Every structure is written in structure tokens, then in C-alpha cells.
$ cat upload.txt   # compact mmCIF, C-alpha atoms
# COMPACT_ATOMS: atom_id res chain seq x y z
CA MET A 936 17.78 -4.05 4.40
CA ARG A 937 19.82 -2.37 7.09
CA TYR A 938 21.82 0.53 5.69
CA LEU A 939 23.00 2.23 8.89
CA GLU A 940 24.86 0.74 11.81
CA ALA A 941 23.16 1.71 15.05
CA ASP A 942 22.23 0.31 18.43
CA TYR A 943 18.71 -0.88 17.67
CA GLU A 944 16.28 -1.88 20.40
CA GLY A 945 12.99 -3.73 20.14
CA GLU A 946 11.58 -6.91 18.64
CA GLU A 947 9.17 -6.71 15.70
CA ILE A 948 9.83 -2.96 15.48
CA LEU A 949 13.44 -1.91 15.96
CA THR A 950 14.30 1.67 16.87
CA ALA A 951 17.50 3.62 17.30
CA LYS A 952 18.98 7.06 16.78
CA LYS A 953 21.89 8.02 14.58
CA GLY A 954 22.82 11.65 14.46
CA ALA A 955 19.61 13.59 13.95
CA LEU A 956 17.81 10.58 12.46
CA GLY A 957 15.29 8.49 14.32
CA LEU A 958 15.44 4.97 12.90
CA ILE A 959 12.51 2.57 12.59
CA ALA A 960 13.03 -0.90 11.11
CA LEU A 961 10.31 -3.49 10.44
CA ASN A 962 11.67 -6.75 11.81
CA ARG A 963 9.74 -9.80 10.66
CA PRO A 964 11.92 -10.78 7.69
CA ARG A 965 10.73 -14.41 7.62
CA VAL A 966 7.28 -13.18 6.63
CA LEU A 967 8.49 -10.26 4.52
CA ASN A 968 7.93 -7.88 7.45
CA SER A 969 4.16 -8.35 7.32
CA LEU A 970 2.52 -6.09 9.87
CA SER A 971 1.09 -7.50 13.08
CA HIS A 972 -1.14 -5.54 15.43
CA ASP A 973 1.69 -5.20 17.94
CA MET A 974 4.01 -3.89 15.22
CA ILE A 975 1.54 -1.21 14.24
CA LEU A 976 1.11 -0.06 17.84
CA ALA A 977 4.89 -0.03 18.39
CA PHE A 978 5.41 1.88 15.15
CA GLY A 979 2.99 4.58 16.29
CA LYS A 980 4.71 4.88 19.67
CA ALA A 981 8.07 5.25 17.94
CA LEU A 982 6.72 8.05 15.76
CA ASP A 983 5.33 9.80 18.83
CA ALA A 984 8.67 9.56 20.61
CA PHE A 985 10.69 10.78 17.66
CA GLU A 986 8.31 13.63 16.89
CA ALA A 987 8.60 14.84 20.50
CA ASP A 988 12.41 14.46 20.62
CA PRO A 989 14.11 17.80 19.83
CA ASP A 990 17.30 15.97 18.87
CA VAL A 991 15.51 14.06 16.10
CA ALA A 992 15.04 16.10 12.93
CA ALA A 993 13.77 13.31 10.66
CA VAL A 994 12.70 9.65 10.71
CA LEU A 995 14.06 6.86 8.50
CA VAL A 996 11.98 3.72 7.89
CA THR A 997 13.48 0.51 6.47
CA GLY A 998 12.73 -3.21 6.47
CA GLU A 999 14.98 -5.95 7.79
CA GLY A 1000 16.03 -8.77 5.48
CA GLU A 1001 16.85 -8.86 1.79
CA ARG A 1002 13.43 -9.46 0.23
CA GLY A 1003 11.48 -6.30 0.81
CA LEU A 1004 10.23 -3.47 2.97
CA CYS A 1005 6.85 -5.01 3.80
CA ALA A 1006 4.49 -7.44 2.06
CA GLY A 1007 1.37 -6.11 3.79
CA GLY A 1008 -0.78 -6.79 6.81
CA ASP A 1009 -1.36 -10.07 8.60
CA ILE A 1010 -4.12 -11.41 6.36
CA ARG A 1011 -4.11 -14.84 8.01
CA MET A 1012 -5.12 -13.17 11.27
CA PHE A 1013 -7.82 -11.23 9.42
CA TYR A 1014 -9.07 -14.50 7.91
CA GLU A 1015 -9.15 -16.29 11.26
CA SER A 1016 -10.79 -13.34 12.99
CA GLY A 1017 -13.53 -13.17 10.37
CA LYS A 1018 -14.15 -16.88 10.69
CA ALA A 1019 -14.33 -16.59 14.48
CA GLY A 1020 -16.51 -13.50 14.39
CA ASP A 1021 -14.35 -11.65 16.93
CA SER A 1022 -13.08 -8.07 16.89
CA LYS A 1023 -9.38 -8.71 16.23
CA ALA A 1024 -9.53 -7.82 12.54
CA SER A 1025 -11.48 -4.64 13.21
CA GLN A 1026 -9.07 -3.53 15.93
CA PHE A 1027 -6.09 -4.31 13.70
CA LEU A 1028 -7.50 -2.24 10.84
CA LYS A 1029 -8.36 0.65 13.11
CA ALA A 1030 -4.79 0.77 14.37
CA GLU A 1031 -3.32 0.37 10.88
CA TYR A 1032 -5.45 3.04 9.22
CA ARG A 1033 -4.85 5.48 12.06
CA LEU A 1034 -1.14 4.87 11.63
CA ASN A 1035 -1.45 5.65 7.91
CA ALA A 1036 -3.09 8.97 8.77
CA ARG A 1037 -0.43 9.60 11.42
CA ILE A 1038 2.35 9.11 8.87
CA ALA A 1039 0.68 11.47 6.40
CA ARG A 1040 0.57 14.29 8.95
CA PHE A 1041 3.93 13.57 10.61
CA LYS A 1042 5.54 16.94 11.32
CA LYS A 1043 9.14 15.99 10.52
CA PRO A 1044 10.64 14.58 7.31
CA TYR A 1045 9.66 10.92 6.96
CA VAL A 1046 12.20 9.11 4.81
CA VAL A 1047 11.45 5.56 3.68
CA VAL A 1048 13.47 3.17 1.53
CA MET A 1049 11.02 1.07 -0.48
CA ASP A 1050 13.35 -1.81 -1.26
CA GLY A 1051 12.03 -5.01 -2.78
CA ILE A 1052 8.44 -6.05 -2.13
CA THR A 1053 6.34 -3.11 -0.98
CA MET A 1054 2.72 -4.16 -1.11
CA GLY A 1055 -0.57 -3.54 0.67
CA GLY A 1056 0.22 -2.41 4.20
CA GLY A 1057 3.80 -1.84 3.09
CA VAL A 1058 2.51 0.87 0.77
CA GLY A 1059 0.62 2.30 3.75
CA VAL A 1060 3.77 2.80 5.83
CA SER A 1061 5.72 4.22 2.90
CA SER A 1062 3.70 6.10 0.29
CA HIS A 1063 2.00 8.37 2.81
CA GLY A 1064 5.43 9.62 3.87
CA SER A 1065 7.15 12.80 2.74
CA HIS A 1066 10.43 11.47 1.28
CA ARG A 1067 9.96 8.15 -0.54
CA ILE A 1068 12.94 6.39 -2.11
CA VAL A 1069 12.75 3.45 -4.53
CA THR A 1070 15.54 1.31 -5.95
CA GLU A 1071 16.02 -1.16 -8.79
CA THR A 1072 14.59 -3.89 -6.53
CA THR A 1073 11.28 -2.17 -5.78
CA LYS A 1074 8.10 -4.11 -6.56
CA LEU A 1075 5.09 -2.08 -5.52
CA ALA A 1076 1.51 -3.29 -5.71
CA MET A 1077 -1.95 -3.17 -4.20
CA PRO A 1078 -2.97 -6.80 -4.95
CA GLU A 1079 -6.18 -6.93 -2.94
CA THR A 1080 -8.63 -7.73 -5.76
CA GLY A 1081 -6.87 -11.08 -6.05
CA ILE A 1082 -7.91 -12.07 -2.52
CA GLY A 1083 -11.50 -10.86 -2.58
CA PHE A 1084 -10.64 -7.54 -0.96
CA PHE A 1085 -10.10 -3.99 -2.25
CA PRO A 1086 -7.17 -1.54 -1.99
CA ASP A 1087 -7.15 -0.10 1.52
CA ILE A 1088 -4.58 1.61 3.85
CA GLY A 1089 -5.55 4.90 2.22
CA ALA A 1090 -4.63 3.54 -1.19
CA THR A 1091 -7.89 4.76 -2.70
CA TRP A 1092 -6.69 8.30 -1.92
CA LEU A 1093 -3.30 7.61 -3.53
CA LEU A 1094 -4.61 5.67 -6.51
CA SER A 1095 -7.30 8.20 -7.31
CA ARG A 1096 -4.67 10.93 -7.50
CA ALA A 1097 -2.28 9.09 -9.78
CA ALA A 1098 -1.80 10.62 -13.21
CA GLY A 1099 -4.54 9.77 -15.70
CA GLU A 1100 -5.92 6.29 -15.10
CA LEU A 1101 -2.71 4.71 -13.80
CA GLY A 1102 -4.23 4.33 -10.34
CA THR A 1103 -7.33 2.66 -11.75
CA TRP A 1104 -5.12 0.18 -13.59
CA MET A 1105 -3.09 -0.52 -10.43
CA GLY A 1106 -6.15 -0.91 -8.24
CA LEU A 1107 -8.08 -3.26 -10.52
CA THR A 1108 -5.24 -5.44 -11.81
CA GLY A 1109 -3.20 -5.63 -8.60
CA GLU A 1110 -0.10 -5.92 -10.77
CA ALA A 1111 3.32 -4.95 -9.40
CA VAL A 1112 5.20 -1.99 -10.85
CA ASN A 1113 8.87 -1.08 -10.66
CA GLY A 1114 10.42 1.93 -8.96
CA ALA A 1115 10.17 4.21 -11.98
CA ASP A 1116 6.46 3.42 -12.38
CA ALA A 1117 5.90 3.97 -8.66
CA ILE A 1118 7.28 7.49 -9.11
CA THR A 1119 5.16 8.10 -12.21
CA ALA A 1120 2.05 7.07 -10.29
CA GLY A 1121 2.90 9.33 -7.35
CA PHE A 1122 3.69 6.56 -4.85
CA ALA A 1123 7.36 7.52 -4.56
CA ASP A 1124 9.65 10.48 -5.18
CA TRP A 1125 13.22 9.45 -5.92
CA TYR A 1126 15.01 6.57 -7.63
CA VAL A 1127 18.35 5.83 -5.98
CA PRO A 1128 20.53 2.85 -6.97
CA GLN A 1129 20.63 0.39 -4.10
CA ASP A 1130 24.42 0.50 -3.87
CA ARG A 1131 24.26 4.24 -3.18
CA VAL A 1132 21.54 4.22 -0.52
CA ALA A 1133 23.90 3.59 2.40
CA GLU A 1134 26.14 6.50 1.42
CA LEU A 1135 23.10 8.76 1.06
CA LEU A 1136 21.74 7.82 4.48
CA GLU A 1137 25.12 8.22 6.16
CA ARG A 1138 25.34 11.71 4.72
CA ILE A 1139 21.87 12.55 6.01
CA ALA A 1140 22.63 11.15 9.46
CA ALA A 1141 25.79 13.27 9.67
CA LEU A 1142 23.93 16.55 9.23
CA PRO A 1143 23.17 18.68 12.27
CA ALA A 1144 19.51 18.69 13.21
CA PRO A 1145 18.80 22.33 12.27
CA ALA A 1146 20.00 21.75 8.70
CA LEU A 1147 18.38 18.40 8.06
CA GLY A 1148 14.82 19.36 7.27
CA SER A 1149 15.70 22.16 4.87
CA THR A 1150 18.33 20.22 2.93
CA MET A 1151 16.87 16.71 2.85
CA ALA A 1152 15.38 16.88 -0.64
CA SER A 1153 18.47 18.44 -2.23
CA ILE A 1154 20.73 15.80 -0.68
CA ILE A 1155 18.57 12.93 -1.90
CA ARG A 1156 18.49 14.52 -5.34
CA ASP A 1157 22.30 14.29 -5.48
CA TYR A 1158 21.98 10.48 -5.49
CA THR A 1159 18.98 10.20 -7.80
CA VAL A 1160 19.13 8.70 -11.28
CA ASP A 1161 16.53 7.98 -13.95
CA GLY A 1162 15.18 4.50 -13.38
CA PRO A 1163 14.57 1.94 -16.13
CA THR A 1164 11.36 2.24 -18.07
CA GLY A 1165 8.37 0.31 -16.84
CA ILE A 1166 4.85 -0.62 -17.79
CA PHE A 1167 3.62 2.95 -17.74
CA SER A 1168 6.13 4.22 -20.28
CA GLU A 1169 4.93 1.49 -22.65
CA GLY A 1170 1.22 1.57 -22.04
CA ARG A 1171 0.19 4.93 -20.62
CA ALA A 1172 -2.01 5.88 -23.59
CA MET A 1173 -3.77 2.52 -23.62
CA ILE A 1174 -4.31 2.60 -19.86
CA ASP A 1175 -5.76 6.11 -19.93
CA ARG A 1176 -7.99 5.16 -22.85
CA CYS A 1177 -9.36 1.90 -21.48
CA PHE A 1178 -9.64 2.71 -17.78
CA ALA A 1179 -11.49 6.01 -18.08
CA PHE A 1180 -14.88 4.29 -17.77
CA ASP A 1181 -16.93 4.02 -14.61
CA THR A 1182 -17.94 0.38 -14.94
CA VAL A 1183 -15.70 -2.67 -15.02
CA GLU A 1184 -17.69 -4.05 -17.95
CA GLU A 1185 -16.86 -1.00 -20.08
CA ILE A 1186 -13.19 -1.23 -19.12
CA ILE A 1187 -13.06 -4.88 -20.16
CA ALA A 1188 -14.87 -4.12 -23.43
CA ALA A 1189 -12.33 -1.40 -24.20
CA LEU A 1190 -9.41 -3.73 -23.45
CA GLU A 1191 -10.87 -6.33 -25.80
CA GLN A 1192 -10.62 -3.82 -28.63
CA GLU A 1193 -6.91 -3.24 -28.07
CA GLN A 1194 -4.17 -5.11 -29.92
CA SER A 1195 -1.16 -4.68 -27.60
CA ASP A 1196 0.47 -7.35 -25.45
CA LEU A 1197 -0.02 -5.14 -22.40
CA ALA A 1198 -3.76 -4.94 -23.05
CA ALA A 1199 -3.91 -8.73 -23.33
CA ARG A 1200 -1.93 -9.17 -20.09
CA THR A 1201 -4.13 -6.62 -18.38
CA LEU A 1202 -7.29 -8.38 -19.51
CA ASN A 1203 -5.96 -11.70 -18.22
CA ALA A 1204 -5.05 -10.13 -14.88
CA ILE A 1205 -8.49 -8.59 -14.37
CA SER A 1206 -10.27 -11.76 -15.45
CA ALA A 1207 -8.66 -13.67 -12.58
CA LYS A 1208 -9.87 -11.26 -9.90
CA SER A 1209 -12.97 -11.37 -7.74
CA PRO A 1210 -15.85 -9.81 -9.71
CA THR A 1211 -17.29 -8.31 -6.54
CA SER A 1212 -13.92 -6.87 -5.54
CA LEU A 1213 -13.47 -5.32 -8.98
CA LYS A 1214 -16.79 -3.51 -8.78
CA VAL A 1215 -16.25 -2.38 -5.21
CA THR A 1216 -12.73 -1.20 -6.00
CA LEU A 1217 -13.75 0.86 -9.00
CA ARG A 1218 -16.49 2.58 -7.04
CA MET A 1219 -14.07 3.22 -4.15
CA LEU A 1220 -11.62 4.83 -6.56
CA ARG A 1221 -14.24 7.00 -8.23
CA GLU A 1222 -15.65 8.20 -4.90
CA ALA A 1223 -12.12 8.93 -3.67
CA ARG A 1224 -11.59 11.38 -6.54
CA SER A 1225 -14.06 13.78 -4.97
CA SER A 1226 -13.00 13.15 -1.36
CA LYS A 1227 -11.57 16.08 0.54
CA ASP A 1228 -8.75 14.29 2.33
CA LEU A 1229 -7.02 11.01 3.19
CA GLU A 1230 -9.06 10.53 6.36
CA THR A 1231 -12.30 10.54 4.37
CA CYS A 1232 -10.97 7.75 2.17
CA LEU A 1233 -9.69 5.77 5.16
CA GLU A 1234 -13.10 6.03 6.82
CA ARG A 1235 -14.80 4.77 3.64
CA GLU A 1236 -12.30 1.93 3.35
CA PHE A 1237 -12.84 0.97 6.99
CA LEU A 1238 -16.60 0.75 6.49
CA GLY A 1239 -15.94 -1.44 3.46
CA THR A 1240 -13.76 -3.82 5.44
CA LEU A 1241 -16.61 -4.44 7.86
CA GLN A 1242 -18.52 -5.89 4.91
CA VAL A 1243 -15.59 -7.89 3.53
CA VAL A 1244 -15.84 -10.44 6.34
CA ARG A 1245 -19.54 -10.98 5.57
CA VAL A 1246 -19.09 -12.21 2.00
CA PRO A 1247 -17.45 -15.40 0.74
CA ASP A 1248 -14.84 -14.06 -1.68
CA PHE A 1249 -12.36 -12.89 0.95
CA TYR A 1250 -12.28 -16.30 2.63
CA GLU A 1251 -11.97 -18.04 -0.72
CA GLY A 1252 -9.21 -15.68 -1.84
CA ILE A 1253 -7.17 -16.27 1.31
CA ARG A 1254 -7.78 -20.00 1.11
CA ALA A 1255 -6.41 -20.11 -2.42
CA ALA A 1256 -3.50 -17.77 -1.68
CA ILE A 1257 -2.15 -18.81 1.72
CA ILE A 1258 -4.14 -21.72 3.18
CA ASP A 1259 -4.29 -24.35 0.43
CA LYS A 1260 -2.07 -22.31 -1.91
CA ASP A 1261 -3.69 -23.73 -5.03
CA ARG A 1262 -3.94 -20.23 -6.59
CA ASN A 1263 -7.33 -21.18 -7.98
CA PRO A 1264 -10.07 -19.26 -6.16
CA LYS A 1265 -13.70 -19.98 -6.96
CA TRP A 1266 -15.39 -16.59 -6.75
CA SER A 1267 -19.04 -16.21 -5.76
CA PRO A 1268 -20.59 -14.80 -7.81
CA ALA A 1269 -18.26 -15.92 -10.58
CA THR A 1270 -19.09 -13.28 -13.17
CA LEU A 1271 -19.47 -9.51 -13.26
CA GLU A 1272 -23.02 -9.71 -14.57
CA ASP A 1273 -24.03 -11.79 -11.54
CA VAL A 1274 -22.81 -9.21 -9.02
CA ALA A 1275 -26.00 -7.59 -7.77
CA PRO A 1276 -25.93 -3.79 -7.30
CA GLU A 1277 -27.11 -4.17 -3.73
CA SER A 1278 -24.14 -6.41 -2.89
CA VAL A 1279 -21.79 -3.61 -3.97
CA GLU A 1280 -23.85 -0.98 -2.17
CA ALA A 1281 -23.47 -2.94 1.08
CA PHE A 1282 -19.78 -1.96 1.19
CA PHE A 1283 -20.72 1.72 1.29
CA VAL A 1284 -23.56 1.73 3.82
CA ALA A 1285 -22.73 3.64 7.00
CA LYS A 1286 -22.35 1.47 10.07
CA ASP A 1287 -22.20 2.18 13.78
CA GLU A 1288 -18.48 1.43 14.04
CA ARG A 1289 -16.24 4.24 12.82
CA LEU A 1290 -12.55 4.92 12.40
CA PHE A 1291 -12.32 8.59 13.34
CA GLY A 1292 -14.47 10.64 15.64

$ encode --input "upload.txt" --output "C-alpha cells"
Amino acid sequence: MRYLEADYEGEEILTAKKGALGLIALNRPRVLNSLSHDMILAFGKALDAFEADPDVAAVLVTGEGERGLCAGGDIRMFYESGKAGDSKASQFLKAEYRLNARIARFKKPYVVVMDGITMGGGVGVSSHGSHRIVTETTKLAMPETGIGFFPDIGATWLLSRAAGELGTWMGLTGEAVNGADAITAGFADWYVPQDRVAELLERIAALPAPALGSTMASIIRDYTVDGPTGIFSEGRAMIDRCFAFDTVEEIIAALEQEQSDLAARTLNAISAKSPTSLKVTLRMLREARSSKDLETCLEREFLGTLQVVRVPDFYEGIRAAIIDKDRNPKWSPATLEDVAPESVEAFFVAKDERLFG
């Protein structure tokens, strides 16, 4: 949603300046601003330009359209690239993950409005930022286990640092959470009612550049309210109790002993996911807990993606989700007990192709 009037330039990535703000808008609203390779490259160039511009004190990121900030990356391209055996998917992921790292180390305040659907790659261009705003429309998720994938874009770093086992729940179930839950899990900072966001951003844009960085947080705080309760306020104790285990089988067994509606919904959600993806995801999250930085997690995720295109579940997940749209994937193997340890290990074996260095 566009909150500030400005003279934007560009196509899939729109840029402009207003006051001391550099503006970046994702502009593919017909596909929920899903990220293409060209968008990612243009986004990085915009960050470079704004970081070097002495008149720009902070960057604001928004998404065009009314439905959301960003629904993720271009998974159809990834699917077609894997089928063709070319390098397009690998090059896309390299650019995307490097952008995630670039956002995390951006030297100026990085303000993002996480309106509506903010999933997958949308989380990557928002939750690594320094000033993350959610509204009553926010629906945040990492839904990759439902398409035979695993949480990427540095999400294993974010999820593994969420309070208690909230990140484990998010990563395995792929379920969407509201703005308040996104803050509780550490994916966002402030809850601002949508009808006050424009006023907030106008006030920020009106500040002189020298004052913007030091006063940004206090200004946003003036517009912040307590959001409505979400899943985590209801089920935090159950989530921490059931998701503390290091195998998916133990997590499921613990959920089966619970009596709450949330536990039942959680069990149903996990049961629909790729067994291989569940096991890979849990190991990714546990290894991320001892990782020294975001880049380490991104490198591990990148190595994992090189294996994703070699197994059937990703292609079946995309077929069911966006090709045939029958929402009925047939996973192979179909059960957790049939997932061989070596098939999980293959996602973690070092390969010649690397992300950094």
C-alpha cells in the first residue's frame, strides 16, 4: 500500500525520495509482489544508492497494492529451473540471500511496513530490517514445509532466535500469525494501526536528515498500540512444551497427548506437510541455534536448496499448490518413518557451489 505521495521511478521496483527518506516499493501487485530475479537486483542497487546518498537518512520499504507486502519468491521459476536443470534458480537464490544479508547490515535505519501477506521472501526483505512495523492486516508465515521446501531467506536464523519454541512451531507448521504474534516471535517491532501509518510516515519524512536516525524509534513508538492477542498468547506453554524435542516424531507424540484445540490444529497442520521437509527443517533450526551469525545460516540454507531440486517433494508441492492447484500433494516418502537418515543428511553435505566467499 502506498502511504506517501512521491515521484516514483522504476518498474518492478519503484524508488523515490521524500525528505530524508529513500523510498522503495515492491511493484508486482497482481502476484502479491512476489520477487523476481530482476526485482532483487534492482532492490540491491536502490539500497546501494540510498546508503551512499548523504541526503538520505533512512529507507522505507512498502508493497504496492492492497493485499500484502510480498508473498515470497518466484517459486514457479524455481520449479521450471529445477525441471530444466539450468542455473536460474541457483542464481536467483544467491541474489536473494545476499540481499537478505545486505538488509541486515544496512547502515541506515531500514523501515518496513509489513502490511497484509508477508511470507517467505517477503519476510526476508522485512524481518532482517531495523525498524519493522506491522498492522492489523499482517499475516506473516514461512510456509515452505507445505511445498516440499524448508524455511530459507535467513529464516532459520530468525526462527531459532524466537522466544522459547515459537520459531520451531512457525517453521514446522508454516501457519500464518498476526502482527502481535510476529512481534512476540521477534519478526517485527511495532504494531501501528493501518489508518495511522500514513501520518507516521509523513512525520518521519518531514524530519531533517541529522535528526532522523536518532529519533526514529521514539516517533514510531508514539503511534504504537497493543495489538490483538494471537495464537501465541493462547498456546505459548503448549508450544514450548511440545516443540522442545529434537525429532519430529517426539514433537508429534507430545502433541497427541495434548487436549487443546490449538494442539489438534497444530497436529493437523504438521501432518499435511512433507515428511522430508519437516525433518530437514527441524535440523536446520537446531543447527541455527549454535550458528554465529546470519550469514552462516544463509550459507547452510543455500547448500540445502541445491538438494531441494534433486528430490521429488518440491516438484510435487509446487504442482499441488500452483500448477494443478489441487492442494493434495503426494509426498515421497509419505511417512516420517520412511525418511532415511541419509536423505536428510544430503541437505547438509558441503558442495562446491557457495553463497559467500

$ closest_atom_pairs --input "upload.txt" --of "range 1048-1161 of chain A" --to "range 1201-1221 of chain A" --cutoff "10 Å" --atoms "all atoms listed in the file" --output "CSV"
residue,atom,partner,partner_atom,distance
A:Pro1078,CA,A:Lys1208,CA,9.6
A:Glu1079,CA,A:Ser1212,CA,8.2
A:Thr1080,CA,A:Ser1212,CA,5.4
A:Gly1081,CA,A:Lys1208,CA,4.9
A:Ile1082,CA,A:Ser1209,CA,7.3
A:Gly1083,CA,A:Ser1209,CA,5.4
A:Phe1084,CA,A:Ser1212,CA,5.7
A:Phe1085,CA,A:Thr1216,CA,5.4
A:Pro1086,CA,A:Thr1216,CA,6.9
A:Asp1087,CA,A:Thr1216,CA,9.4
A:Ala1090,CA,A:Leu1220,CA,8.9
A:Thr1091,CA,A:Leu1220,CA,5.4
A:Trp1092,CA,A:Leu1220,CA,7.6
A:Leu1093,CA,A:Leu1220,CA,9.3
A:Leu1094,CA,A:Leu1220,CA,7.1
A:Ser1095,CA,A:Leu1220,CA,5.5
A:Arg1096,CA,A:Leu1220,CA,9.3
A:Gly1102,CA,A:Leu1220,CA,8.3
A:Thr1103,CA,A:Leu1220,CA,7.1
A:Trp1104,CA,A:Thr1201,CA,8.4
A:Gly1106,CA,A:Thr1216,CA,7.0
A:Leu1107,CA,A:Leu1213,CA,6.0
A:Thr1108,CA,A:Ile1205,CA,5.2
A:Gly1109,CA,A:Ala1204,CA,7.9
A:Glu1110,CA,A:Ala1204,CA,7.7

$ write_last_selection --input "upload.txt" --atoms "C-alpha atoms" --output "compact mmCIF listing (two decimals), in the coordinates of the input"
# COMPACT_ATOMS: atom_id res chain seq x y z
CA PRO A 1078 -2.97 -6.80 -4.95
CA GLU A 1079 -6.18 -6.93 -2.94
CA THR A 1080 -8.63 -7.73 -5.76
CA GLY A 1081 -6.87 -11.08 -6.05
CA ILE A 1082 -7.91 -12.07 -2.52
CA GLY A 1083 -11.50 -10.86 -2.58
CA PHE A 1084 -10.64 -7.54 -0.96
CA PHE A 1085 -10.10 -3.99 -2.25
CA PRO A 1086 -7.17 -1.54 -1.99
CA ASP A 1087 -7.15 -0.10 1.52
CA ALA A 1090 -4.63 3.54 -1.19
CA THR A 1091 -7.89 4.76 -2.70
CA TRP A 1092 -6.69 8.30 -1.92
CA LEU A 1093 -3.30 7.61 -3.53
CA LEU A 1094 -4.61 5.67 -6.51
CA SER A 1095 -7.30 8.20 -7.31
CA ARG A 1096 -4.67 10.93 -7.50
CA GLY A 1102 -4.23 4.33 -10.34
CA THR A 1103 -7.33 2.66 -11.75
CA TRP A 1104 -5.12 0.18 -13.59
CA GLY A 1106 -6.15 -0.91 -8.24
CA LEU A 1107 -8.08 -3.26 -10.52
CA THR A 1108 -5.24 -5.44 -11.81
CA GLY A 1109 -3.20 -5.63 -8.60
CA GLU A 1110 -0.10 -5.92 -10.77

$ atom_distance --input "upload.txt" --atom1 "CA of Asp983 in chain A" --atom2 "CA of Ile1118 in chain A"
28.1 Å

$ residues_around --input "upload.txt" --residues "Arg1040 in chain A" --least-positions-apart "6" --cutoff "10 Å" --atoms "only C-alpha atoms" --output "CSV table (one decimal) with C-alpha atoms, in the frame of the given file"
chain,number,residue,atom,x,y,z
A,1034,LEU,CA,-1.1,4.9,11.6
A,1063,HIS,CA,2.0,8.4,2.8
A,1064,GLY,CA,5.4,9.6,3.9
A,1065,SER,CA,7.2,12.8,2.7

$ residues_around --input "upload.txt" --residues "Leu1004 in chain A" --least-positions-apart "6" --cutoff "12 Å" --atoms "all atoms listed in the file" --output "JSON, numbers by chain"
{"A": [936, 937, 959, 960, 961, 962, 963, 964, 965, 966, 967, 968, 969, 970, 996, 997, 998, 1047, 1048, 1049, 1050, 1051, 1052, 1053, 1054, 1055, 1056, 1057, 1058, 1059, 1060, 1061, 1062, 1068, 1069, 1070, 1072, 1073, 1074, 1075]}

$ closest_residue --input "upload.txt" --among "A:Asp1009, A:Glu1071, A:Asp990, A:Asp1287" --to "Leu1028 in chain A" --atoms "only C-alpha atoms"
A:Asp1009

$ residues_around --input "upload.txt" --residues "Glu1100 in chain A" --least-positions-apart "4" --cutoff "8 Å" --atoms "all atoms listed in the file" --output "PyMOL selection string"
chain A and resi 1104+1174-1175+1178-1179

$ atom_distance --input "upload.txt" --atom1 "CA of Lys1265 in chain A" --atom2 "CA of Glu1251 in chain A"
6.8 Å

$ residues_around --input "upload.txt" --residues "Ala977 in chain A" --least-positions-apart "5" --cutoff "9 Å" --atoms "all atoms listed in the file" --output "ChimeraX atom specification"
/A:947-948,972,982

$ atom_distance --input "upload.txt" --atom1 "CA of Leu1101 in chain A" --atom2 "CA of Met1173 in chain A"
10.1 Å

$ closest_residue --input "upload.txt" --among "A:Lys1042, A:Arg1033, A:Arg1067, A:Arg1245" --to "Ser1278 in chain A" --atoms "all atoms listed in the file"
A:Arg1245

$ closest_residue --input "upload.txt" --among "A:Leu1271, A:Gln1129, A:Glu1222, A:Glu1230" --to "Glu1184 in chain A" --atoms "all atoms listed in the file"
A:Leu1271

$ closest_residue --input "upload.txt" --among "A:Glu1185, A:Asp973, A:Asp1116, A:Asp1130" --to "Glu1169 in chain A" --atoms "all atoms listed in the file"
A:Asp1116

$ residues_around --input "upload.txt" --residues "Ala1141 in chain A" --least-positions-apart "6" --cutoff "9 Å" --atoms "all atoms listed in the file" --output "list in words"
Lys953, Gly954, Ala955 and Leu956 of chain A

$ closest_residue --input "upload.txt" --among "A:Lys1260, A:Arg1138, A:Arg1235, A:Lys980" --to "Tyr1032 in chain A" --atoms "only C-alpha atoms"
A:Arg1235

$ decode --input "upload.txt" --residues "range 1265-1278 of chain A" --atoms "C-alpha atoms" --output "short mmCIF file (atom, residue, chain, number, x, y, z; two decimals), in the first residue's frame"
data_model
loop_
_atom_site.label_atom_id
_atom_site.label_comp_id
_atom_site.auth_asym_id
_atom_site.auth_seq_id
_atom_site.Cartn_x
_atom_site.Cartn_y
_atom_site.Cartn_z
CA LYS A 1265 1.55 -36.94 -2.65
CA TRP A 1266 4.79 -36.86 -0.68
CA SER A 1267 7.60 -39.34 -1.31
CA PRO A 1268 8.32 -40.83 1.12
CA ALA A 1269 4.85 -40.42 2.59
CA THR A 1270 5.67 -41.01 6.24
CA LEU A 1271 8.27 -39.81 8.72
CA GLU A 1272 9.45 -43.33 9.47
CA ASP A 1273 10.25 -43.86 5.79
CA VAL A 1274 12.54 -40.82 5.57
CA ALA A 1275 16.02 -42.31 5.56
CA PRO A 1276 18.67 -40.51 7.65
CA GLU A 1277 20.94 -40.26 4.63
CA SER A 1278 18.27 -38.41 2.65
#
